[in-house]
file entry-v2.txt (compact mmCIF, C-alpha atoms)
# COMPACT_ATOMS: atom_id res chain seq x y z
CA MET A 99 -9.56 -8.40 24.16
CA SER A 100 -6.22 -9.02 25.76
CA SER A 101 -5.88 -11.94 28.14
CA THR A 102 -3.84 -9.86 30.58
CA ILE A 103 -6.81 -8.88 32.67
CA GLU A 104 -7.60 -9.22 36.33
CA GLY A 105 -7.70 -12.87 37.39
CA ASN A 106 -5.95 -14.17 34.26
CA PRO A 107 -2.35 -12.96 34.24
CA THR A 108 -0.96 -15.76 32.11
CA PRO A 109 -0.60 -15.08 28.37
CA PRO A 110 -2.71 -17.29 26.09
CA ALA A 111 -1.57 -20.80 25.28
CA GLY A 112 1.28 -20.80 22.80
CA VAL A 113 2.67 -17.42 23.89
CA ALA A 114 4.63 -18.04 27.09
CA ASP A 115 8.27 -18.94 26.53
CA ALA A 116 7.69 -19.19 22.80
CA GLY A 117 9.75 -17.82 19.94
CA THR A 118 8.56 -15.49 17.25
CA SER A 119 7.25 -18.31 15.04
CA GLU A 120 5.11 -19.65 17.88
CA LEU A 121 3.86 -16.15 18.62
CA GLU A 122 2.90 -15.67 15.00
CA THR A 123 1.02 -18.96 15.04
CA ALA A 124 -0.84 -17.95 18.19
CA LEU A 125 -1.69 -14.55 16.73
CA ALA A 126 -3.05 -16.11 13.56
CA ARG A 127 -5.15 -18.67 15.45
CA ARG A 128 -6.47 -16.46 18.27
CA PRO A 129 -5.88 -12.82 17.35
CA GLY A 130 -8.61 -11.52 19.63
CA GLU A 131 -6.85 -12.87 22.72
CA HIS A 132 -3.85 -10.60 22.29
CA ARG A 133 -3.00 -6.96 22.78
CA VAL A 134 -0.02 -5.30 21.13
CA LEU A 135 1.58 -2.07 22.29
CA THR A 136 3.92 -0.16 19.99
CA GLY A 137 4.60 3.45 19.09
CA ASP A 138 6.97 6.28 18.23
CA ARG A 139 8.20 9.61 19.52
CA PRO A 140 6.97 12.63 17.51
CA THR A 141 10.47 13.92 16.83
CA GLY A 142 10.27 14.10 13.05
CA PRO A 143 8.49 12.62 10.03
CA LEU A 144 8.37 8.86 9.69
CA HIS A 145 10.44 7.48 6.83
CA LEU A 146 10.68 4.46 4.57
CA GLY A 147 12.71 2.59 7.18
CA HIS A 148 9.81 2.98 9.62
CA TYR A 149 7.33 1.84 6.98
CA PHE A 150 9.07 -1.38 6.02
CA GLY A 151 10.46 -1.95 9.51
CA THR A 152 7.36 -1.48 11.70
CA LEU A 153 4.37 0.28 10.15
CA GLN A 154 3.53 -2.49 7.68
CA ASN A 155 3.58 -4.97 10.53
CA ARG A 156 1.23 -2.87 12.66
CA VAL A 157 -1.28 -2.77 9.82
CA ARG A 158 -0.89 -6.52 9.35
CA LEU A 159 -1.59 -7.20 13.03
CA GLN A 160 -4.59 -4.86 12.93
CA ASP A 161 -5.94 -6.69 9.89
CA LEU A 162 -5.50 -10.03 11.68
CA GLY A 163 -7.85 -8.80 14.40
CA VAL A 164 -5.27 -8.20 17.13
CA ASP A 165 -6.00 -5.39 19.59
CA VAL A 166 -3.30 -2.94 18.47
CA LEU A 167 -2.47 0.07 20.66
CA VAL A 168 -0.20 2.67 19.07
CA LEU A 169 1.44 5.18 21.38
CA ILE A 170 2.44 8.67 20.29
CA ALA A 171 5.09 9.17 22.97
CA ASP A 172 4.96 12.95 23.22
CA TYR A 173 6.09 12.96 26.86
CA GLN A 174 9.17 10.96 25.92
CA THR A 175 10.40 13.71 23.60
CA ILE A 176 11.77 15.49 26.67
CA THR A 177 14.08 12.64 27.61
CA ASP A 178 16.78 14.13 25.37
CA ARG A 179 15.49 17.54 24.20
CA ASP A 180 13.29 20.48 25.10
CA SER A 181 9.60 20.33 24.32
CA PRO A 182 9.38 22.39 21.09
CA ALA A 183 6.62 24.80 20.13
CA SER A 184 6.15 22.57 17.07
CA LEU A 185 5.03 19.59 19.19
CA PRO A 186 1.27 19.87 18.43
CA GLY A 187 1.98 19.89 14.71
CA ASP A 188 4.53 17.09 15.10
CA VAL A 189 1.92 14.93 16.85
CA GLU A 190 -0.62 15.59 14.10
CA ALA A 191 1.97 14.79 11.42
CA LEU A 192 2.80 11.48 13.09
CA LEU A 193 -0.89 10.64 13.36
CA ALA A 194 -1.38 11.50 9.67
CA ASP A 195 1.48 9.13 8.79
CA TYR A 196 -0.17 6.34 10.78
CA LEU A 197 -3.55 6.77 9.14
CA ALA A 198 -2.13 7.23 5.65
CA VAL A 199 -0.29 3.89 5.72
CA GLY A 200 -3.43 2.04 6.76
CA LEU A 201 -3.91 2.12 10.51
CA ASP A 202 -7.68 2.34 11.01
CA PRO A 203 -8.93 4.09 14.17
CA ARG A 204 -11.99 1.82 14.10
CA ARG A 205 -9.74 -1.22 14.54
CA ALA A 206 -6.57 0.16 16.14
CA THR A 207 -6.25 2.58 19.05
CA ILE A 208 -3.92 5.54 18.67
CA PHE A 209 -3.28 7.62 21.79
CA ALA A 210 -0.97 10.24 23.24
CA HIS A 211 1.31 9.72 26.22
CA SER A 212 0.39 13.01 27.84
CA MET A 213 -3.33 12.22 27.74
CA VAL A 214 -3.11 9.07 29.91
CA PRO A 215 -1.95 10.06 33.43
CA ALA A 216 -2.08 6.50 34.78
CA LEU A 217 0.90 5.53 32.61
CA HIS A 218 3.10 7.97 34.48
CA GLN A 219 1.64 7.25 37.91
CA LEU A 220 2.51 3.58 37.49
CA MET A 221 6.14 4.52 36.89
CA LEU A 222 6.63 5.45 40.58
CA PRO A 223 5.97 2.01 42.13
CA LEU A 224 7.92 0.38 39.29
CA LEU A 225 10.94 2.56 40.08
CA SER A 226 10.91 1.10 43.59
CA LEU A 227 11.44 -2.34 42.09
CA VAL A 228 14.64 -1.67 40.16
CA SER A 229 18.13 -0.65 41.27
CA VAL A 230 20.30 2.15 39.94
CA ALA A 231 22.96 -0.41 39.07
CA GLU A 232 20.50 -2.43 37.03
CA LEU A 233 19.39 0.60 35.01
CA SER A 234 22.97 1.70 34.44
CA ARG A 235 23.69 -1.61 32.70
CA ASN A 236 20.94 -1.14 30.09
CA PRO A 237 22.75 -1.03 26.74
CA THR A 238 19.90 0.60 24.83
CA VAL A 239 19.91 3.74 26.97
CA LYS A 240 23.67 4.07 26.53
CA ASP A 241 23.29 3.80 22.76
CA GLU A 242 20.48 6.37 22.68
CA VAL A 243 22.49 8.83 24.76
CA ALA A 244 25.48 8.43 22.46
CA ALA A 245 23.34 8.84 19.33
CA ALA A 246 21.73 12.00 20.72
CA GLY A 247 25.10 13.49 21.62
CA ILE A 248 24.04 14.19 25.20
CA ASP A 249 26.81 15.32 27.55
CA ALA A 250 24.93 14.70 30.81
CA MET A 251 22.22 12.06 31.10
CA THR A 252 19.01 13.30 32.70
CA ALA A 253 17.24 11.24 35.35
CA LEU A 254 14.33 10.84 32.94
CA MET A 255 16.60 9.40 30.26
CA PHE A 256 18.16 7.12 32.87
CA ALA A 257 14.71 5.87 33.84
CA TYR A 258 13.52 5.62 30.23
CA PRO A 259 13.27 1.79 30.32
CA VAL A 260 11.03 1.98 33.41
CA HIS A 261 8.83 4.53 31.66
CA GLN A 262 8.46 2.10 28.75
CA ALA A 263 7.68 -0.71 31.18
CA ALA A 264 4.94 1.42 32.71
CA ASP A 265 3.43 1.94 29.26
CA ILE A 266 3.40 -1.78 28.54
CA LEU A 267 2.11 -2.93 31.92
CA CYS A 268 -0.45 -0.18 32.36
CA CYS A 269 -1.94 -1.07 28.97
CA ARG A 270 -1.73 -4.79 29.91
CA ALA A 271 -0.13 -5.65 26.58
CA THR A 272 0.71 -9.28 25.93
CA ILE A 273 3.02 -8.66 22.98
CA VAL A 274 5.52 -5.90 22.17
CA PRO A 275 6.96 -5.79 18.63
CA VAL A 276 10.65 -4.86 18.89
CA GLY A 277 13.96 -5.02 17.13
CA ALA A 278 16.75 -7.02 18.68
CA ASP A 279 18.25 -3.86 20.19
CA GLN A 280 15.07 -3.29 22.21
CA LEU A 281 15.00 -6.74 23.84
CA PRO A 282 16.59 -5.44 27.09
CA HIS A 283 13.60 -3.12 27.57
CA VAL A 284 11.12 -5.97 27.27
CA GLU A 285 13.18 -8.16 29.58
CA LEU A 286 13.22 -5.40 32.19
CA THR A 287 9.45 -5.06 31.85
CA ARG A 288 9.06 -8.79 32.47
CA SER A 289 11.33 -8.54 35.52
CA LEU A 290 9.32 -5.66 36.95
CA ALA A 291 6.08 -7.57 36.40
CA ARG A 292 7.50 -10.56 38.28
CA ARG A 293 8.76 -8.39 41.13
CA PHE A 294 5.46 -6.55 41.52
CA ASN A 295 3.55 -9.83 41.54
CA ARG A 296 5.94 -11.33 44.09
CA ARG A 297 5.90 -8.33 46.42
CA TYR A 298 2.25 -7.32 46.27
CA CYS A 299 0.31 -10.37 45.11
CA ASP A 300 1.47 -13.07 47.51
CA ARG A 301 -2.06 -13.69 48.80
CA CYS A 302 -4.00 -13.10 45.61
CA ALA A 303 -3.77 -13.75 41.89
CA PRO A 304 -0.79 -12.11 40.16
CA LEU A 305 -1.74 -8.86 38.49
CA PHE A 306 0.71 -8.52 35.62
CA ALA A 307 1.39 -10.98 32.85
CA LEU A 308 4.83 -11.23 31.28
CA PRO A 309 4.70 -9.54 27.86
CA GLU A 310 6.43 -11.32 25.02
CA PRO A 311 8.70 -9.63 22.46
CA LEU A 312 7.74 -10.12 18.82
CA LEU A 313 10.89 -9.87 16.72
CA GLY A 314 10.42 -8.65 13.19
CA GLU A 315 12.36 -9.85 10.16
CA ALA A 316 12.10 -6.63 8.16
CA PRO A 317 15.36 -5.40 6.63
CA ALA A 318 17.08 -2.39 8.16
CA LEU A 319 17.27 0.19 5.37
CA LEU A 320 20.30 2.43 5.21
CA GLY A 321 20.00 6.16 4.73
CA THR A 322 21.25 8.05 1.70
CA ASP A 323 24.66 8.47 3.37
CA GLY A 324 25.17 4.74 3.97
CA ARG A 325 24.40 4.90 7.69
CA LYS A 326 21.23 3.63 9.38
CA MET A 327 18.22 5.60 8.16
CA SER A 328 17.28 7.98 10.96
CA LYS A 329 15.09 11.02 11.53
CA SER A 330 17.92 12.75 13.38
CA ARG A 331 20.65 12.16 10.79
CA GLY A 332 19.01 13.91 7.85
CA ASN A 333 19.55 10.85 5.64
CA ALA A 334 15.98 9.57 5.42
CA ILE A 335 13.27 9.59 2.76
CA SER A 336 10.10 10.47 4.60
CA ILE A 337 6.80 8.79 3.88
CA GLY A 338 5.31 12.16 2.98
CA ALA A 339 8.16 13.27 0.68
CA SER A 340 7.15 14.54 -2.76
CA ALA A 341 8.11 12.67 -5.90
CA ASP A 342 10.69 15.35 -6.75
CA GLU A 343 12.17 15.27 -3.26
CA THR A 344 12.40 11.50 -3.42
CA ALA A 345 14.20 11.70 -6.78
CA ARG A 346 16.67 14.26 -5.40
CA LEU A 347 17.43 12.21 -2.28
CA ILE A 348 17.93 8.94 -4.15
CA ALA A 349 20.05 10.67 -6.80
CA GLY A 350 22.40 11.78 -4.02
CA ALA A 351 22.55 8.36 -2.33
CA ARG A 352 25.96 6.75 -1.96
CA THR A 353 26.87 3.86 -4.25
CA ASP A 354 30.25 2.60 -5.50
CA SER A 355 32.37 2.62 -8.66
CA GLN A 356 31.40 -0.82 -9.99
CA ARG A 357 29.09 -0.69 -13.00
CA LEU A 358 27.61 -4.18 -12.67
CA ILE A 359 24.81 -4.11 -10.11
CA THR A 360 24.74 -7.02 -7.70
CA TYR A 361 22.99 -7.69 -4.41
CA ASP A 362 25.75 -8.21 -1.88
CA PRO A 363 24.94 -6.45 1.43
CA GLY A 364 28.22 -7.53 3.02
CA ASP A 365 30.60 -6.13 0.40
CA ARG A 366 28.38 -3.57 -1.35
CA PRO A 367 26.05 -2.20 1.35
CA GLU A 368 25.05 1.08 -0.34
CA VAL A 369 24.27 -0.45 -3.74
CA SER A 370 22.51 -3.39 -2.09
CA ASN A 371 20.43 -0.96 -0.04
CA LEU A 372 19.04 0.69 -3.19
CA VAL A 373 18.40 -2.75 -4.68
CA ALA A 374 16.56 -3.78 -1.50
CA LEU A 375 14.51 -0.58 -1.47
CA ALA A 376 13.35 -1.12 -5.04
CA ALA A 377 12.62 -4.77 -4.31
CA LEU A 378 10.53 -3.92 -1.24
CA CYS A 379 8.49 -1.36 -3.16
CA LEU A 380 7.93 -3.69 -6.12
CA ASP A 381 7.37 -6.85 -4.03
CA ARG A 382 10.17 -8.62 -5.87
CA SER A 383 13.40 -10.28 -4.76
CA PRO A 384 16.59 -8.18 -4.51
CA HIS A 385 18.47 -10.59 -6.77
CA GLU A 386 15.81 -10.19 -9.44
CA ILE A 387 16.14 -6.40 -9.25
CA ALA A 388 19.94 -6.59 -9.48
CA GLU A 389 19.72 -8.88 -12.49
CA GLN A 390 17.26 -6.52 -14.18
CA VAL A 391 19.61 -3.54 -13.84
CA GLY A 392 22.68 -5.60 -14.72
CA ASP A 393 25.57 -3.54 -16.09
CA ALA A 394 23.48 -0.41 -16.62
CA GLY A 395 25.14 1.06 -13.55
CA SER A 396 24.16 3.05 -10.48
CA ALA A 397 22.29 5.74 -12.42
CA ALA A 398 19.88 3.16 -13.82
CA LEU A 399 19.48 1.60 -10.37
CA LYS A 400 18.66 4.98 -8.86
CA ARG A 401 16.05 5.66 -11.56
CA LEU A 402 14.45 2.27 -10.91
CA ALA A 403 14.45 2.82 -7.14
CA THR A 404 12.99 6.31 -7.52
CA ASP A 405 10.17 5.11 -9.78
CA ALA A 406 9.46 2.18 -7.45
CA VAL A 407 9.25 4.38 -4.33
CA ASN A 408 7.10 7.03 -6.00
CA GLU A 409 4.70 4.47 -7.45
CA ARG A 410 4.40 2.54 -4.18
CA PHE A 411 3.83 5.61 -2.02
CA ALA A 412 1.75 7.80 -4.36
CA PRO A 413 -1.60 6.79 -2.78
CA VAL A 414 -0.14 6.99 0.73
CA ARG A 415 1.13 10.50 0.06
CA ALA A 416 -2.16 11.61 -1.47
CA ARG A 417 -4.05 10.33 1.57
CA ARG A 418 -1.56 11.96 3.93
CA ALA A 419 -1.92 15.31 2.18
CA GLU A 420 -5.67 15.18 2.79
CA LEU A 421 -5.32 14.13 6.41
CA ILE A 422 -2.76 16.74 7.40
CA GLU A 423 -5.23 19.49 6.49
CA ASP A 424 -8.06 18.00 8.54
CA HIS A 425 -6.96 19.09 12.01
CA ALA A 426 -10.37 18.48 13.57
CA TYR A 427 -10.46 14.86 12.41
CA LEU A 428 -6.91 14.16 13.58
CA ARG A 429 -7.63 15.62 17.02
CA GLU A 430 -10.84 13.60 17.29
CA VAL A 431 -9.00 10.36 16.46
CA LEU A 432 -6.45 11.19 19.15
CA ARG A 433 -9.12 12.10 21.71
CA ALA A 434 -11.10 8.93 21.11
CA GLY A 435 -8.05 6.67 21.30
CA SER A 436 -6.68 8.41 24.38
CA SER A 437 -10.06 8.18 26.09
CA ARG A 438 -10.13 4.41 25.60
CA VAL A 439 -6.59 3.93 26.93
CA ARG A 440 -7.22 6.36 29.79
CA ALA A 441 -10.06 4.10 30.96
CA LEU A 442 -7.84 1.06 30.61
CA GLY A 443 -5.00 2.76 32.49
CA ASP A 444 -7.30 3.92 35.29
CA GLU A 445 -8.54 0.36 35.70
CA THR A 446 -4.98 -0.95 35.92
CA LEU A 447 -3.99 1.74 38.41
CA THR A 448 -7.00 0.89 40.60
CA LEU A 449 -5.87 -2.73 40.69
CA VAL A 450 -2.31 -1.65 41.47
CA HIS A 451 -3.52 0.49 44.38
CA GLU A 452 -5.57 -2.39 45.74
CA ARG A 453 -2.56 -4.71 45.64
CA MET A 454 -0.39 -2.07 47.33
CA HIS A 455 -3.01 -1.44 50.05
CA ALA A 456 -3.21 2.17 48.84
CA SER A 457 -6.91 2.21 47.97
CA TYR A 458 -8.84 4.31 50.49
CA LEU A 459 -12.12 5.11 48.77
call {"tool": "encode", "arguments": {"input": "entry-v2.txt", "output": "structure tokens"}}
result
Amino acid sequence: MSSTIEGNPTPPAGVADAGTSELETALARRPGEHRVLTGDRPTGPLHLGHYFGTLQNRVRLQDLGVDVLVLIADYQTITDRDSPASLPGDVEALLADYLAVGLDPRRATIFAHSMVPALHQLMLPLLSLVSVAELSRNPTVKDEVAAAGIDAMTALMFAYPVHQAADILCCRATIVPVGADQLPHVELTRSLARRFNRRYCDRCAPLFALPEPLLGEAPALLGTDGRKMSKSRGNAISIGASADETARLIAGARTDSQRLITYDPGDRPEVSNLVALAALCLDRSPHEIAEQVGDAGSAALKRLATDAVNERFAPVRARRAELIEDHAYLREVLRAGSSRVRALGDETLTLVHERMHASYL
């Protein structure tokens, strides 16, 4: 159970003002005292970058005994696009990816944004605690708008960091796994928690703890075109890709003209990316992989990477194929997880209303 509950707003010992190494130590020693919130938007299939970048870590935290909440952010799909008719299937596909890689609904809680109204109700008082100027300075929103090719930013996109803060605070998460580019979101969440506590909790115990970012050290895999692997760029190898599709995508990946294979991400990013991918799948070092391929050239490297990916993900893909056909089971997992978080969110919102003198029943 998370320590961010009523009457105990301070994160457990070893978490406050600590770096990632201290957080990891605290998680290993007292996993049951922490709650993690993480998640994804259902805007396309998860890919190998997601797996090595975040999904493995979620399973690791679950296996440690941490209370892991995983958000399927279906409401946040409309920040930069229309809600598609494919959304129900997209949500199920994302859930199947989660379960196939090892998230266990008996030990982790997977829920949908749209099924927890308290998350969105909390956004309104949080918006009163932040200025337009402050939101306009958020670099992550600017990057996301540029990447999406949006001409005019919607108010929802503008307030996206506050929406994320509402998710974190409503779930009373103590830890949020993020990449370095997401640190401004967590810092804003901490600022909003402080401001709420200062404005509404001057005569009682503070309500919100200050969640800590947990920075990962996973490598950022490039896509087949040499750019960052992304669902929206069409350069990703999805977790559920077939063996033949994987072979085709890797065969078309960019390399260079040098025959000798080396691991040098600075000067040879595309070649080094394939080396890193094979190394991750085989649990070996990139330099060892490069030495194994030697002067056999890019074709040999691509064959090795293809075999490594297909061998590593064969059981994941088999499990996913079973899950994606079991619509009733997927919906039940989502209902059960959303029910748990709905109760948690309602409890938080009740406490918020009490602090704001807006509780009349």
call {"tool": "axis_aligned_box", "arguments": {"input": "entry-v2.txt", "around": "stretch 394-411 of chain A", "padding_each_side": "5 Å", "output": "lines of an AutoDock Vina configuration file"}}
result
center_x = 14.5
center_y = 3.3
center_z = -9.3
size_x = 31.3
size_y = 17.4
size_z = 24.6
call {"tool": "residues_around", "arguments": {"input": "entry-v2.txt", "residues": "A:Val214", "least_positions_apart": "4", "cutoff": "12 Å", "atoms": "all atoms listed in the file", "output": "JSON, numbers by chain"}}
result
{"A": [169, 170, 171, 172, 173, 208, 209, 210, 218, 219, 220, 264, 265, 268, 269, 432, 433, 434, 435, 436, 437, 438, 439, 440, 441, 442, 443, 444, 445, 446, 447]}
call {"tool": "closest_residue", "arguments": {"input": "entry-v2.txt", "among": "A:Pro223, A:Pro259, A:Gly364, A:Gly137", "to": "A:Thr238", "atoms": "all atoms listed in the file"}}
result
A:Pro259
call {"tool": "atom_distance", "arguments": {"input": "entry-v2.txt", "atom1": "atom CA of A:Val164", "atom2": "atom CA of A:Pro129"}}
result
4.7 Å
call {"tool": "residues_around", "arguments": {"input": "entry-v2.txt", "residues": "stretch 139-150 of chain A", "least_positions_apart": "3", "cutoff": "6 Å", "atoms": "all atoms listed in the file", "output": "VMD selection string"}}
result
chain A and resid 153 to 154 170 to 172 188 to 189 319 329 335 to 337
call {"tool": "residues_around", "arguments": {"input": "entry-v2.txt", "residues": "A:Cys302", "least_positions_apart": "3", "cutoff": "10 Å", "atoms": "all atoms listed in the file", "output": "PyMOL selection string"}}
result
chain A and resi 105+295+298-299+305+453
call {"tool": "write_last_selection", "arguments": {"input": "entry-v2.txt", "atoms": "C-alpha atoms", "output": "short mmCIF file (atom, residue, chain, number, x, y, z; two decimals), keeping the file's coordinate frame"}}
result
data_model
loop_
_atom_site.label_atom_id
_atom_site.label_comp_id
_atom_site.auth_asym_id
_atom_site.auth_seq_id
_atom_site.Cartn_x
_atom_site.Cartn_y
_atom_site.Cartn_z
CA GLY A 105 -7.70 -12.87 37.39
CA ASN A 295 3.55 -9.83 41.54
CA TYR A 298 2.25 -7.32 46.27
CA CYS A 299 0.31 -10.37 45.11
CA LEU A 305 -1.74 -8.86 38.49
CA ARG A 453 -2.56 -4.71 45.64
#
call {"tool": "atom_distance", "arguments": {"input": "entry-v2.txt", "atom1": "atom CA of A:Leu449", "atom2": "atom CA of A:Arg133"}}
result
18.6 Å
call {"tool": "residues_around", "arguments": {"input": "entry-v2.txt", "residues": "A:Gln280", "least_positions_apart": "4", "cutoff": "10 Å", "atoms": "all atoms listed in the file", "output": "PyMOL selection string"}}
result
chain A and resi 237-239+259+274-276+284-285+311+313
